[in-house]
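Source file: start_22.pdb. Holds: PDB, C-alpha atoms, pLDDT in the B column.
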```
ATOM      1  CA  MET Y 215     117.122  40.092  99.196  1.00 71.00           C
ATOM      2  CA  ILE Y 216     113.710  38.426  99.485  1.00 83.00           C
ATOM      3  CA  GLY Y 217     111.501  40.122 102.078  1.00 88.00           C
ATOM      4  CA  SER Y 218     108.305  38.116 101.601  1.00 93.00           C
ATOM      5  CA  LEU Y 219     106.773  35.430  99.432  1.00 94.00           C
ATOM      6  CA  ARG Y 220     103.173  34.810  98.435  1.00 94.00           C
ATOM      7  CA  GLY Y 221     102.076  31.502  96.950  1.00 95.00           C
ATOM      8  CA  LEU Y 222     100.631  28.029  97.497  1.00 94.00           C
ATOM      9  CA  VAL Y 223     102.079  25.545  99.961  1.00 94.00           C
ATOM     10  CA  GLU Y 224     103.266  22.694  97.767  1.00 94.00           C
ATOM     11  CA  SER Y 225     104.647  20.467 100.511  1.00 93.00           C
ATOM     12  CA  VAL Y 226     105.663  20.483 104.159  1.00 93.00           C
ATOM     13  CA  GLU Y 227     108.582  18.631 105.679  1.00 88.00           C
ATOM     14  CA  ASP Y 228     110.260  18.661 109.067  1.00 85.00           C
ATOM     15  CA  GLY Y 229     111.197  22.283 109.726  1.00 91.00           C
ATOM     16  CA  ALA Y 230     110.428  23.625 106.244  1.00 96.00           C
ATOM     17  CA  CYS Y 231     107.897  24.001 103.462  1.00 95.00           C
ATOM     18  CA  VAL Y 232     108.003  24.468  99.714  1.00 96.00           C
ATOM     19  CA  LEU Y 233     106.053  27.551  98.659  1.00 95.00           C
ATOM     20  CA  ASP Y 234     105.035  27.602  94.989  1.00 95.00           C
ATOM     21  CA  VAL Y 235     105.270  31.171  93.728  1.00 96.00           C
ATOM     22  CA  ASN Y 236     104.157  31.374  90.086  1.00 94.00           C
ATOM     23  CA  GLY Y 237     105.561  27.940  89.329  1.00 94.00           C
ATOM     24  CA  VAL Y 238     108.826  28.378  91.247  1.00 95.00           C
ATOM     25  CA  GLY Y 239     109.162  26.330  94.427  1.00 96.00           C
ATOM     26  CA  TYR Y 240     110.975  28.077  97.285  1.00 95.00           C
ATOM     27  CA  LEU Y 241     112.255  25.973 100.183  1.00 96.00           C
ATOM     28  CA  VAL Y 242     111.550  28.043 103.292  1.00 96.00           C
ATOM     29  CA  HIS Y 243     112.614  26.994 106.794  1.00 97.00           C
ATOM     30  CA  CYS Y 244     109.955  27.737 109.418  1.00 97.00           C
ATOM     31  CA  SER Y 245     109.067  27.110 113.028  1.00 95.00           C
ATOM     32  CA  ARG Y 246     106.646  24.306 113.820  1.00 93.00           C
ATOM     33  CA  LYS Y 247     104.053  26.871 114.846  1.00 92.00           C
ATOM     34  CA  THR Y 248     104.233  28.660 111.486  1.00 93.00           C
ATOM     35  CA  LEU Y 249     104.027  25.366 109.599  1.00 93.00           C
ATOM     36  CA  ASP Y 250     100.949  24.392 111.612  1.00 91.00           C
ATOM     37  CA  ARG Y 251      99.279  27.702 110.742  1.00 89.00           C
ATOM     38  CA  LEU Y 252     100.129  27.276 107.062  1.00 89.00           C
ATOM     39  CA  THR Y 253      98.683  23.768 106.858  1.00 87.00           C
ATOM     40  CA  ALA Y 254      95.526  24.837 108.712  1.00 84.00           C
ATOM     41  CA  ARG Y 255      94.575  27.183 105.868  1.00 83.00           C
ATOM     42  CA  GLU Y 256      93.929  26.788 102.164  1.00 84.00           C
ATOM     43  CA  GLY Y 257      94.749  28.939  99.179  1.00 90.00           C
ATOM     44  CA  VAL Y 258      97.455  31.538  98.688  1.00 92.00           C
ATOM     45  CA  GLN Y 259      99.623  32.126 101.738  1.00 92.00           C
ATOM     46  CA  LYS Y 260     102.097  34.872 102.588  1.00 93.00           C
ATOM     47  CA  LEU Y 261     105.335  34.430 104.502  1.00 95.00           C
ATOM     48  CA  LEU Y 262     107.671  37.134 105.714  1.00 94.00           C
ATOM     49  CA  VAL Y 263     111.199  36.070 104.814  1.00 95.00           C
ATOM     50  CA  GLU Y 264     114.698  36.548 106.135  1.00 94.00           C
ATOM     51  CA  THR Y 265     117.437  35.595 103.685  1.00 92.00           C
ATOM     52  CA  ARG Y 266     120.751  34.287 105.008  1.00 90.00           C
ATOM     53  CA  VAL Y 267     123.696  34.013 102.628  1.00 87.00           C
ATOM     54  CA  SER Y 268     126.708  31.814 103.398  1.00 83.00           C
ATOM     55  CA  GLN Y 269     129.661  30.689 101.306  1.00 80.00           C
ATOM     56  CA  ASP Y 270     127.807  27.680  99.923  1.00 83.00           C
ATOM     57  CA  ALA Y 271     124.100  28.396 100.279  1.00 86.00           C
ATOM     58  CA  ILE Y 272     121.277  30.914 100.275  1.00 90.00           C
ATOM     59  CA  THR Y 273     118.776  29.938 102.966  1.00 94.00           C
ATOM     60  CA  LEU Y 274     115.288  31.348 103.408  1.00 96.00           C
ATOM     61  CA  PHE Y 275     113.576  31.534 106.803  1.00 96.00           C
ATOM     62  CA  GLY Y 276     109.846  32.193 106.830  1.00 96.00           C
ATOM     63  CA  PHE Y 277     107.535  33.709 109.438  1.00 96.00           C
ATOM     64  CA  PHE Y 278     103.775  33.950 109.667  1.00 91.00           C
ATOM     65  CA  ASP Y 279     103.948  37.458 111.134  1.00 91.00           C
ATOM     66  CA  ALA Y 280     106.331  40.266 112.049  1.00 92.00           C
ATOM     67  CA  THR Y 281     106.255  39.375 115.744  1.00 92.00           C
ATOM     68  CA  GLU Y 282     107.821  35.983 115.099  1.00 94.00           C
ATOM     69  CA  ARG Y 283     110.391  37.457 112.708  1.00 94.00           C
ATOM     70  CA  ASP Y 284     111.319  40.047 115.334  1.00 94.00           C
ATOM     71  CA  ALA Y 285     111.908  37.302 117.916  1.00 94.00           C
ATOM     72  CA  PHE Y 286     113.984  35.309 115.423  1.00 96.00           C
ATOM     73  CA  LEU Y 287     116.223  38.295 114.652  1.00 95.00           C
ATOM     74  CA  ALA Y 288     116.769  38.900 118.362  1.00 94.00           C
ATOM     75  CA  LEU Y 289     117.602  35.256 119.070  1.00 95.00           C
ATOM     76  CA  ILE Y 290     120.203  34.848 116.332  1.00 94.00           C
ATOM     77  CA  GLU Y 291     122.221  37.704 117.832  1.00 93.00           C
ATOM     78  CA  VAL Y 292     122.852  35.577 120.937  1.00 93.00           C
ATOM     79  CA  LYS Y 293     126.212  33.812 120.852  1.00 88.00           C
ATOM     80  CA  THR Y 294     125.944  30.178 119.662  1.00 87.00           C
ATOM     81  CA  VAL Y 295     122.231  30.594 118.851  1.00 92.00           C
ATOM     82  CA  GLY Y 296     122.025  30.333 115.091  1.00 91.00           C
ATOM     83  CA  PRO Y 297     118.947  30.320 112.866  1.00 94.00           C
ATOM     84  CA  GLN Y 298     118.119  26.647 113.424  1.00 94.00           C
ATOM     85  CA  LYS Y 299     118.184  26.923 117.210  1.00 95.00           C
ATOM     86  CA  ALA Y 300     116.146  30.107 116.977  1.00 96.00           C
ATOM     87  CA  LEU Y 301     113.493  28.156 115.056  1.00 96.00           C
ATOM     88  CA  LEU Y 302     113.594  25.451 117.750  1.00 95.00           C
ATOM     89  CA  VAL Y 303     112.792  28.098 120.349  1.00 95.00           C
ATOM     90  CA  LEU Y 304     109.945  29.512 118.253  1.00 95.00           C
ATOM     91  CA  SER Y 305     108.613  26.014 117.638  1.00 94.00           C
ATOM     92  CA  GLY Y 306     108.230  25.540 121.381  1.00 92.00           C
ATOM     93  CA  LEU Y 307     107.246  29.038 122.509  1.00 92.00           C
ATOM     94  CA  THR Y 308     105.259  31.879 120.995  1.00 90.00           C
ATOM     95  CA  PRO Y 309     107.125  35.212 120.882  1.00 91.00           C
ATOM     96  CA  GLY Y 310     105.013  36.430 123.798  1.00 88.00           C
ATOM     97  CA  ASP Y 311     105.754  33.308 125.864  1.00 89.00           C
ATOM     98  CA  LEU Y 312     109.439  33.711 125.059  1.00 92.00           C
ATOM     99  CA  ALA Y 313     109.435  37.337 126.203  1.00 89.00           C
ATOM    100  CA  ARG Y 314     107.645  36.450 129.432  1.00 87.00           C
ATOM    101  CA  ALA Y 315     110.054  33.589 130.150  1.00 88.00           C
ATOM    102  CA  ILE Y 316     113.057  35.871 129.596  1.00 89.00           C
ATOM    103  CA  ALA Y 317     111.604  38.710 131.667  1.00 85.00           C
ATOM    104  CA  ALA Y 318     110.924  36.292 134.531  1.00 84.00           C
ATOM    105  CA  LYS Y 319     114.296  34.542 134.052  1.00 86.00           C
ATOM    106  CA  GLU Y 320     112.555  31.180 133.669  1.00 87.00           C
ATOM    107  CA  ARG Y 321     115.553  29.254 132.371  1.00 90.00           C
ATOM    108  CA  LYS Y 322     113.868  25.884 132.809  1.00 91.00           C
ATOM    109  CA  ARG Y 323     110.983  26.909 130.585  1.00 90.00           C
ATOM    110  CA  LEU Y 324     113.413  27.489 127.731  1.00 91.00           C
ATOM    111  CA  ALA Y 325     115.477  24.433 128.610  1.00 91.00           C
ATOM    112  CA  ASP Y 326     112.329  22.322 128.216  1.00 91.00           C
ATOM    113  CA  VAL Y 327     112.105  23.297 124.536  1.00 91.00           C
ATOM    114  CA  LYS Y 328     112.898  20.130 122.623  1.00 89.00           C
ATOM    115  CA  GLY Y 329     116.449  20.119 121.270  1.00 90.00           C
ATOM    116  CA  LEU Y 330     117.585  23.352 122.910  1.00 91.00           C
ATOM    117  CA  GLY Y 331     119.389  22.349 126.098  1.00 89.00           C
ATOM    118  CA  ALA Y 332     120.038  24.009 129.435  1.00 93.00           C
ATOM    119  CA  ALA Y 333     123.254  25.801 128.453  1.00 93.00           C
ATOM    120  CA  THR Y 334     121.690  27.550 125.463  1.00 93.00           C
ATOM    121  CA  ALA Y 335     118.554  28.371 127.451  1.00 93.00           C
ATOM    122  CA  THR Y 336     120.665  30.011 130.156  1.00 93.00           C
ATOM    123  CA  ARG Y 337     122.625  31.975 127.574  1.00 93.00           C
ATOM    124  CA  ILE Y 338     119.412  33.307 126.005  1.00 94.00           C
ATOM    125  CA  VAL Y 339     117.884  34.332 129.338  1.00 92.00           C
ATOM    126  CA  ASP Y 340     121.071  35.953 130.638  1.00 91.00           C
ATOM    127  CA  GLU Y 341     121.851  37.847 127.425  1.00 92.00           C
ATOM    128  CA  PRO Y 342     121.372  41.584 128.186  1.00 89.00           C
ATOM    129  CA  ALA Y 343     120.129  42.229 124.654  1.00 89.00           C
ATOM    130  CA  MET Y 344     117.421  39.588 125.086  1.00 91.00           C
ATOM    131  CA  GLN Y 345     116.374  41.096 128.410  1.00 87.00           C
ATOM    132  CA  LYS Y 346     116.069  44.447 126.661  1.00 86.00           C
ATOM    133  CA  TRP Y 347     114.100  42.836 123.810  1.00 89.00           C
ATOM    134  CA  ALA Y 348     111.685  41.232 126.281  1.00 85.00           C
ATOM    135  CA  VAL Y 349     110.764  44.561 127.919  1.00 76.00           C
ATOM    136  CA  GLY Y 350     107.376  45.660 126.619  1.00 67.00           C
ATOM    137  CA  ARG Y 351     106.815  42.341 124.879  1.00 72.00           C
ATOM    138  CA  ALA Y 352     106.259  40.271 128.036  1.00 64.00           C
ATOM    139  CA  MET Y 353     102.527  41.015 127.979  1.00 57.00           C
ATOM    140  CA  PRO Y 354      99.531  39.118 126.533  1.00 50.00           C
ATOM    141  CA  GLU Y 355      99.353  41.635 123.662  1.00 46.00           C
ATOM    142  CA  ALA Y 356     102.730  40.327 122.435  1.00 46.00           C
ATOM    143  CA  ASP Y 357     100.859  37.382 120.894  1.00 52.00           C
ATOM    144  CA  GLY Y 358      98.022  39.483 119.550  1.00 45.00           C
ATOM    145  CA  ILE Y 359      95.901  39.015 122.682  1.00 39.00           C
ATOM    146  CA  GLY Y 360      94.373  42.197 123.955  1.00 39.00           C
ATOM    147  CA  ALA Y 361      91.254  44.177 123.206  1.00 35.00           C
ATOM    148  CA  GLY Y 362      87.964  42.624 122.249  1.00 37.00           C
ATOM    149  CA  GLY Y 363      87.356  40.237 125.106  1.00 35.00           C
ATOM    150  CA  ALA Y 364      90.792  38.609 125.129  1.00 36.00           C
ATOM    151  CA  ILE Y 365      92.610  37.314 128.164  1.00 36.00           C
ATOM    152  CA  HIS Y 366      94.566  39.845 130.205  1.00 39.00           C
ATOM    153  CA  ALA Y 367      97.298  39.189 132.739  1.00 42.00           C
ATOM    154  CA  PRO Y 368      96.217  40.135 136.261  1.00 49.00           C
ATOM    155  CA  GLU Y 369      97.349  43.554 137.426  1.00 53.00           C
ATOM    156  CA  PRO Y 370      99.560  43.625 140.528  1.00 58.00           C
ATOM    157  CA  ALA Y 371      97.706  44.572 143.685  1.00 62.00           C
ATOM    158  CA  GLY Y 372      98.553  45.727 147.186  1.00 74.00           C
ATOM    159  CA  PRO Y 373     102.255  46.092 148.029  1.00 81.00           C
ATOM    160  CA  GLN Y 374     103.238  44.723 144.607  1.00 83.00           C
ATOM    161  CA  ALA Y 375     101.299  47.475 142.831  1.00 84.00           C
ATOM    162  CA  ASP Y 376     102.855  50.071 145.143  1.00 82.00           C
ATOM    163  CA  ALA Y 377     106.317  48.647 144.451  1.00 83.00           C
ATOM    164  CA  VAL Y 378     105.759  48.882 140.692  1.00 83.00           C
ATOM    165  CA  SER Y 379     104.614  52.503 141.059  1.00 83.00           C
ATOM    166  CA  ALA Y 380     107.689  53.318 143.158  1.00 79.00           C
ATOM    167  CA  LEU Y 381     110.026  51.882 140.521  1.00 76.00           C
ATOM    168  CA  VAL Y 382     108.203  53.770 137.760  1.00 78.00           C
ATOM    169  CA  ASN Y 383     108.668  56.967 139.766  1.00 74.00           C
ATOM    170  CA  LEU Y 384     112.377  56.163 139.895  1.00 71.00           C
ATOM    171  CA  GLY Y 385     112.469  56.159 136.105  1.00 72.00           C
ATOM    172  CA  TRP Y 386     111.944  52.496 135.179  1.00 73.00           C
ATOM    173  CA  LYS Y 387     109.442  51.537 132.479  1.00 75.00           C
ATOM    174  CA  ARG Y 388     106.281  49.929 133.855  1.00 77.00           C
ATOM    175  CA  PRO Y 389     106.569  46.517 132.064  1.00 77.00           C
ATOM    176  CA  GLU Y 390     110.177  46.153 133.230  1.00 77.00           C
ATOM    177  CA  ALA Y 391     109.255  47.211 136.770  1.00 80.00           C
ATOM    178  CA  ALA Y 392     106.268  44.848 136.890  1.00 82.00           C
ATOM    179  CA  ALA Y 393     108.389  41.901 135.737  1.00 82.00           C
ATOM    180  CA  ALA Y 394     111.066  42.636 138.350  1.00 81.00           C
ATOM    181  CA  VAL Y 395     108.508  42.953 141.158  1.00 85.00           C
ATOM    182  CA  ALA Y 396     106.848  39.694 140.076  1.00 84.00           C
ATOM    183  CA  ARG Y 397     110.195  37.884 140.197  1.00 83.00           C
ATOM    184  CA  ALA Y 398     110.954  39.387 143.596  1.00 83.00           C
ATOM    185  CA  ALA Y 399     107.552  38.338 144.939  1.00 85.00           C
ATOM    186  CA  ARG Y 400     108.057  34.767 143.757  1.00 83.00           C
ATOM    187  CA  ARG Y 401     111.390  34.647 145.536  1.00 81.00           C
ATOM    188  CA  ILE Y 402     110.538  36.262 148.876  1.00 85.00           C
ATOM    189  CA  GLY Y 403     106.789  35.574 149.017  1.00 80.00           C
ATOM    190  CA  ASP Y 404     103.638  37.225 147.717  1.00 72.00           C
ATOM    191  CA  ASP Y 405     102.905  38.670 151.165  1.00 77.00           C
ATOM    192  CA  ALA Y 406     106.264  40.476 151.432  1.00 81.00           C
ATOM    193  CA  ALA Y 407     106.281  44.058 152.714  1.00 85.00           C
ATOM    194  CA  LEU Y 408     106.583  46.988 150.321  1.00 84.00           C
ATOM    195  CA  GLY Y 409     110.143  47.897 151.332  1.00 84.00           C
ATOM    196  CA  ALA Y 410     111.378  44.342 150.872  1.00 86.00           C
ATOM    197  CA  LEU Y 411     109.702  44.078 147.464  1.00 83.00           C
ATOM    198  CA  ILE Y 412     111.318  47.292 146.246  1.00 85.00           C
ATOM    199  CA  THR Y 413     114.750  46.247 147.511  1.00 85.00           C
ATOM    200  CA  GLU Y 414     114.568  42.818 145.903  1.00 84.00           C
ATOM    201  CA  ALA Y 415     113.113  44.192 142.668  1.00 83.00           C
ATOM    202  CA  LEU Y 416     115.997  46.643 142.386  1.00 82.00           C
ATOM    203  CA  LYS Y 417     118.397  43.716 142.769  1.00 79.00           C
ATOM    204  CA  GLU Y 418     116.552  41.953 139.925  1.00 76.00           C
ATOM    205  CA  MET Y 419     116.972  44.998 137.712  1.00 69.00           C
ATOM    206  CA  ALA Y 420     120.636  45.544 138.497  1.00 64.00           C
ATOM    207  CA  PRO Y 421     123.111  44.702 135.684  1.00 53.00           C
ATOM    208  CA  ARG Y 422     124.433  41.156 135.987  1.00 48.00           C
TER     209      ARG Y 422
END
```

Once you've parsed the file, please lay out its structure as structure tokens.
Amino acid sequence: MIGSLRGLVESVEDGACVLDVNGVGYLVHCSRKTLDRLTAREGVQKLLVETRVSQDAITLFGFFDATERDAFLALIEVKTVGPQKALLVLSGLTPGDLARAIAAKERKRLADVKGLGAATATRIVDEPAMQKWAVGRAMPEADGIGAGGAIHAPEPAGPQADAVSALVNLGWKRPEAAAAVARAARRIGDDAALGALITEALKEMAPR
């Protein structure tokens, strides 16, 4: 199987590019975001590749980095979300934005992705495996934003910070606890008391 390709971008079409590798043109399907990054640069380019084999075709899917490929592999495991719909999602949202939307159960944010639809968006958000995938990735660093003067998400303060600490003490991972507390606060109000925040956050984290 092909794991990566390095060559010159010969042409770009809707949802794909042709990568010339030593005179051989490979048709590689990509997200809009990856295609934009390819066309913004000159010279030899590298794509990470996932190869999908069906009865009548061998299809290559290309990714600018491992983070996008990781999101793609998670998405295609969701029922009725095949490779093309996964690329639609990644054309509309960065992997980090996708993780944050899933962690916060923002179904509308996914539904607004062009061509996806509300039913598929709901299925992605409600999929337990996607919730698990989003944990730890729903942070600015998921898109390569972090050290060196980059933008950081605000830390919870007051009762919300105390609620996160309480959940961590109960054995939950901090990113998962923070996401649950944030969802609870949006639902019952940012000025909610500590006990109410913990109760509602636990409901958010309960299996559905």

Practice item. For atom CA of Y:Val382 and atom CA of Y:Gly403, determine how far apart the two atoms are, in Å to one decimal place. Key: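 Spanning atom CA of Y:Val382 to atom CA of Y:Gly403 is a straight-line distance of 21.4 Å.
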
Exercise for review: Could you please give me, as a list in words, the residues of protein, DNA or RNA lying at most 9 Å from (106.5, 40.6, 138.2) in the coordinate frame of the file, considering all atoms listed in the file?
Suggested key: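 Output of the proximity query reads Ala317, Ala318, Pro370, Gln374, Val378, Pro389, Glu390, Ala391, Ala392, Ala393, Ala394, Val395, Ala396, Arg397, Ala398, Ala399, Arg400 and Ala415 of chain Y.
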
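One finds atom CA of Y:Ser268 at 25.1 Å from atom CA of Y:Thr281.
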
Study note, to complete from the structure: Restricting to all atoms listed in the file, whichever of Y:Arg388, Y:Val263, Y:Ile272, Y:Leu312 is closest to Y:Ala285 is Y:Leu312

Practice item. List the residues selected by the PyMOL selection byres ((chain Y and resi 373) around 9) in the file shown, writing them as a PyMOL selection string. Key: chain Y and resi 370-372+374-378+404-409+411

Could you tell me which residues the PyMOL selection byres ((chain Y and resi 289) around 10) returns for this structure, as a PDB file with C-alpha atoms, in the coordinates of the input?
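File written: result11.pdb
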```pdb
ATOM      1  CA  ARG Y 283     110.391  37.457 112.708  1.00 94.00           C
ATOM      2  CA  ASP Y 284     111.319  40.047 115.334  1.00 94.00           C
ATOM      3  CA  ALA Y 285     111.908  37.302 117.916  1.00 94.00           C
ATOM      4  CA  PHE Y 286     113.984  35.309 115.423  1.00 96.00           C
ATOM      5  CA  LEU Y 287     116.223  38.295 114.652  1.00 95.00           C
ATOM      6  CA  ALA Y 288     116.769  38.900 118.362  1.00 94.00           C
ATOM      7  CA  ILE Y 290     120.203  34.848 116.332  1.00 94.00           C
ATOM      8  CA  GLU Y 291     122.221  37.704 117.832  1.00 93.00           C
ATOM      9  CA  VAL Y 292     122.852  35.577 120.937  1.00 93.00           C
ATOM     10  CA  LYS Y 293     126.212  33.812 120.852  1.00 88.00           C
ATOM     11  CA  THR Y 294     125.944  30.178 119.662  1.00 87.00           C
ATOM     12  CA  VAL Y 295     122.231  30.594 118.851  1.00 92.00           C
ATOM     13  CA  GLY Y 296     122.025  30.333 115.091  1.00 91.00           C
ATOM     14  CA  PRO Y 297     118.947  30.320 112.866  1.00 94.00           C
ATOM     15  CA  LYS Y 299     118.184  26.923 117.210  1.00 95.00           C
ATOM     16  CA  ALA Y 300     116.146  30.107 116.977  1.00 96.00           C
ATOM     17  CA  LEU Y 301     113.493  28.156 115.056  1.00 96.00           C
ATOM     18  CA  VAL Y 303     112.792  28.098 120.349  1.00 95.00           C
ATOM     19  CA  LEU Y 304     109.945  29.512 118.253  1.00 95.00           C
ATOM     20  CA  ILE Y 338     119.412  33.307 126.005  1.00 94.00           C
ATOM     21  CA  GLU Y 341     121.851  37.847 127.425  1.00 92.00           C
ATOM     22  CA  ALA Y 343     120.129  42.229 124.654  1.00 89.00           C
ATOM     23  CA  MET Y 344     117.421  39.588 125.086  1.00 91.00           C
ATOM     24  CA  TRP Y 347     114.100  42.836 123.810  1.00 89.00           C
TER      25      TRP Y 347
END
```

Review point. Which residues match the PyMOL selection byres ((chain Y and resi 250-256) around 10) in the file above, as a PyMOL selection string?
Key: chain Y and resi 222-223+225-226+231+244-249+257-261+278+305

Export C-alpha atoms of the chosen residues as a PDB file, keeping the file's coordinate frame?
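The resulting file, out_14.pdb, is reproduced below:
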```
ATOM      1  CA  LEU Y 222     100.631  28.029  97.497  1.00 94.00           C
ATOM      2  CA  VAL Y 223     102.079  25.545  99.961  1.00 94.00           C
ATOM      3  CA  SER Y 225     104.647  20.467 100.511  1.00 93.00           C
ATOM      4  CA  VAL Y 226     105.663  20.483 104.159  1.00 93.00           C
ATOM      5  CA  CYS Y 231     107.897  24.001 103.462  1.00 95.00           C
ATOM      6  CA  CYS Y 244     109.955  27.737 109.418  1.00 97.00           C
ATOM      7  CA  SER Y 245     109.067  27.110 113.028  1.00 95.00           C
ATOM      8  CA  ARG Y 246     106.646  24.306 113.820  1.00 93.00           C
ATOM      9  CA  LYS Y 247     104.053  26.871 114.846  1.00 92.00           C
ATOM     10  CA  THR Y 248     104.233  28.660 111.486  1.00 93.00           C
ATOM     11  CA  LEU Y 249     104.027  25.366 109.599  1.00 93.00           C
ATOM     12  CA  GLY Y 257      94.749  28.939  99.179  1.00 90.00           C
ATOM     13  CA  VAL Y 258      97.455  31.538  98.688  1.00 92.00           C
ATOM     14  CA  GLN Y 259      99.623  32.126 101.738  1.00 92.00           C
ATOM     15  CA  LYS Y 260     102.097  34.872 102.588  1.00 93.00           C
ATOM     16  CA  LEU Y 261     105.335  34.430 104.502  1.00 95.00           C
ATOM     17  CA  PHE Y 278     103.775  33.950 109.667  1.00 91.00           C
ATOM     18  CA  SER Y 305     108.613  26.014 117.638  1.00 94.00           C
TER      19      SER Y 305
END
```

Practice item. Kindly indicate which residue among Y:Glu282, Y:Asp234, Y:Glu320, Y:Asp311 lies nearest to Y:Arg337, using only C-alpha atoms for the distances. Key: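 That would be Y:Glu320, the residue with the smallest distance to Y:Arg337.
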
Check your understanding: At what distance in Å, to one decimal, does atom CA of Y:Thr273 lie from atom CA of Y:Met215?
Key ->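 Taking atom CA of Y:Met215 as the start and atom CA of Y:Thr273 as the end point, the length is 11.0 Å.
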
Review point. Given the choices Y:Leu302, Y:Leu233, Y:Ile316, Y:Ala280, which gets closest to Y:Leu330 if the distance is worked out from only C-alpha atoms?
Key: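 With only C-alpha atoms as the atom set, the closest residue is Y:Leu302.
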
Practice item. Would you please work out which residue, of Y:Thr265, Y:Thr308, Y:Gln345, Y:Asn236, is nearest to Y:Asp279 when using all atoms listed in the file? Key: Y:Thr308

Reconstruct stretch 309-321 of chain Y at the level of N, CA, C and O atoms, and format the result as an mmCIF file, in the coordinates of the input.
```
data_model
loop_
_atom_site.group_PDB
_atom_site.id
_atom_site.type_symbol
_atom_site.label_atom_id
_atom_site.label_comp_id
_atom_site.auth_asym_id
_atom_site.auth_seq_id
_atom_site.Cartn_x
_atom_site.Cartn_y
_atom_site.Cartn_z
ATOM 1 N N PRO Y 309 106.291 34.056 120.524
ATOM 2 C CA PRO Y 309 107.125 35.212 120.882
ATOM 3 C C PRO Y 309 106.744 35.819 122.229
ATOM 4 O O PRO Y 309 107.608 36.226 123.010
ATOM 5 N N GLY Y 310 105.443 35.893 122.509
ATOM 6 C CA GLY Y 310 105.013 36.430 123.798
ATOM 7 C C GLY Y 310 105.447 35.559 124.962
ATOM 8 O O GLY Y 310 105.905 36.065 125.993
ATOM 9 N N ASP Y 311 105.304 34.224 124.813
ATOM 10 C CA ASP Y 311 105.754 33.308 125.864
ATOM 11 C C ASP Y 311 107.260 33.415 126.071
ATOM 12 O O ASP Y 311 107.756 33.360 127.196
ATOM 13 N N LEU Y 312 107.989 33.560 124.970
ATOM 14 C CA LEU Y 312 109.439 33.711 125.059
ATOM 15 C C LEU Y 312 109.800 34.971 125.828
ATOM 16 O O LEU Y 312 110.662 34.941 126.723
ATOM 17 N N ALA Y 313 109.151 36.081 125.510
ATOM 18 C CA ALA Y 313 109.435 37.337 126.203
ATOM 19 C C ALA Y 313 109.125 37.232 127.688
ATOM 20 O O ALA Y 313 109.895 37.698 128.534
ATOM 21 N N ARG Y 314 108.002 36.585 128.023
ATOM 22 C CA ARG Y 314 107.645 36.450 129.432
ATOM 23 C C ARG Y 314 108.626 35.546 130.172
ATOM 24 O O ARG Y 314 108.975 35.809 131.322
ATOM 25 N N ALA Y 315 109.084 34.485 129.521
ATOM 26 C CA ALA Y 315 110.054 33.589 130.150
ATOM 27 C C ALA Y 315 111.379 34.306 130.394
ATOM 28 O O ALA Y 315 112.009 34.131 131.445
ATOM 29 N N ILE Y 316 111.804 35.130 129.441
ATOM 30 C CA ILE Y 316 113.057 35.871 129.596
ATOM 31 C C ILE Y 316 112.919 36.926 130.680
ATOM 32 O O ILE Y 316 113.798 37.079 131.535
ATOM 33 N N ALA Y 317 111.812 37.661 130.670
ATOM 34 C CA ALA Y 317 111.604 38.710 131.667
ATOM 35 C C ALA Y 317 111.574 38.139 133.079
ATOM 36 O O ALA Y 317 112.069 38.761 134.027
ATOM 37 N N ALA Y 318 111.013 36.932 133.220
ATOM 38 C CA ALA Y 318 110.924 36.292 134.531
ATOM 39 C C ALA Y 318 112.125 35.403 134.827
ATOM 40 O O ALA Y 318 112.164 34.753 135.875
ATOM 41 N N LYS Y 319 113.087 35.366 133.905
ATOM 42 C CA LYS Y 319 114.296 34.542 134.052
ATOM 43 C C LYS Y 319 113.953 33.070 134.301
ATOM 44 O O LYS Y 319 114.558 32.392 135.140
ATOM 45 N N GLU Y 320 112.982 32.575 133.546
ATOM 46 C CA GLU Y 320 112.555 31.180 133.669
ATOM 47 C C GLU Y 320 113.412 30.305 132.743
ATOM 48 O O GLU Y 320 112.992 29.896 131.657
ATOM 49 N N ARG Y 321 114.616 30.025 133.194
ATOM 50 C CA ARG Y 321 115.553 29.254 132.371
ATOM 51 C C ARG Y 321 115.025 27.857 132.051
ATOM 52 O O ARG Y 321 115.217 27.342 130.956
#
```
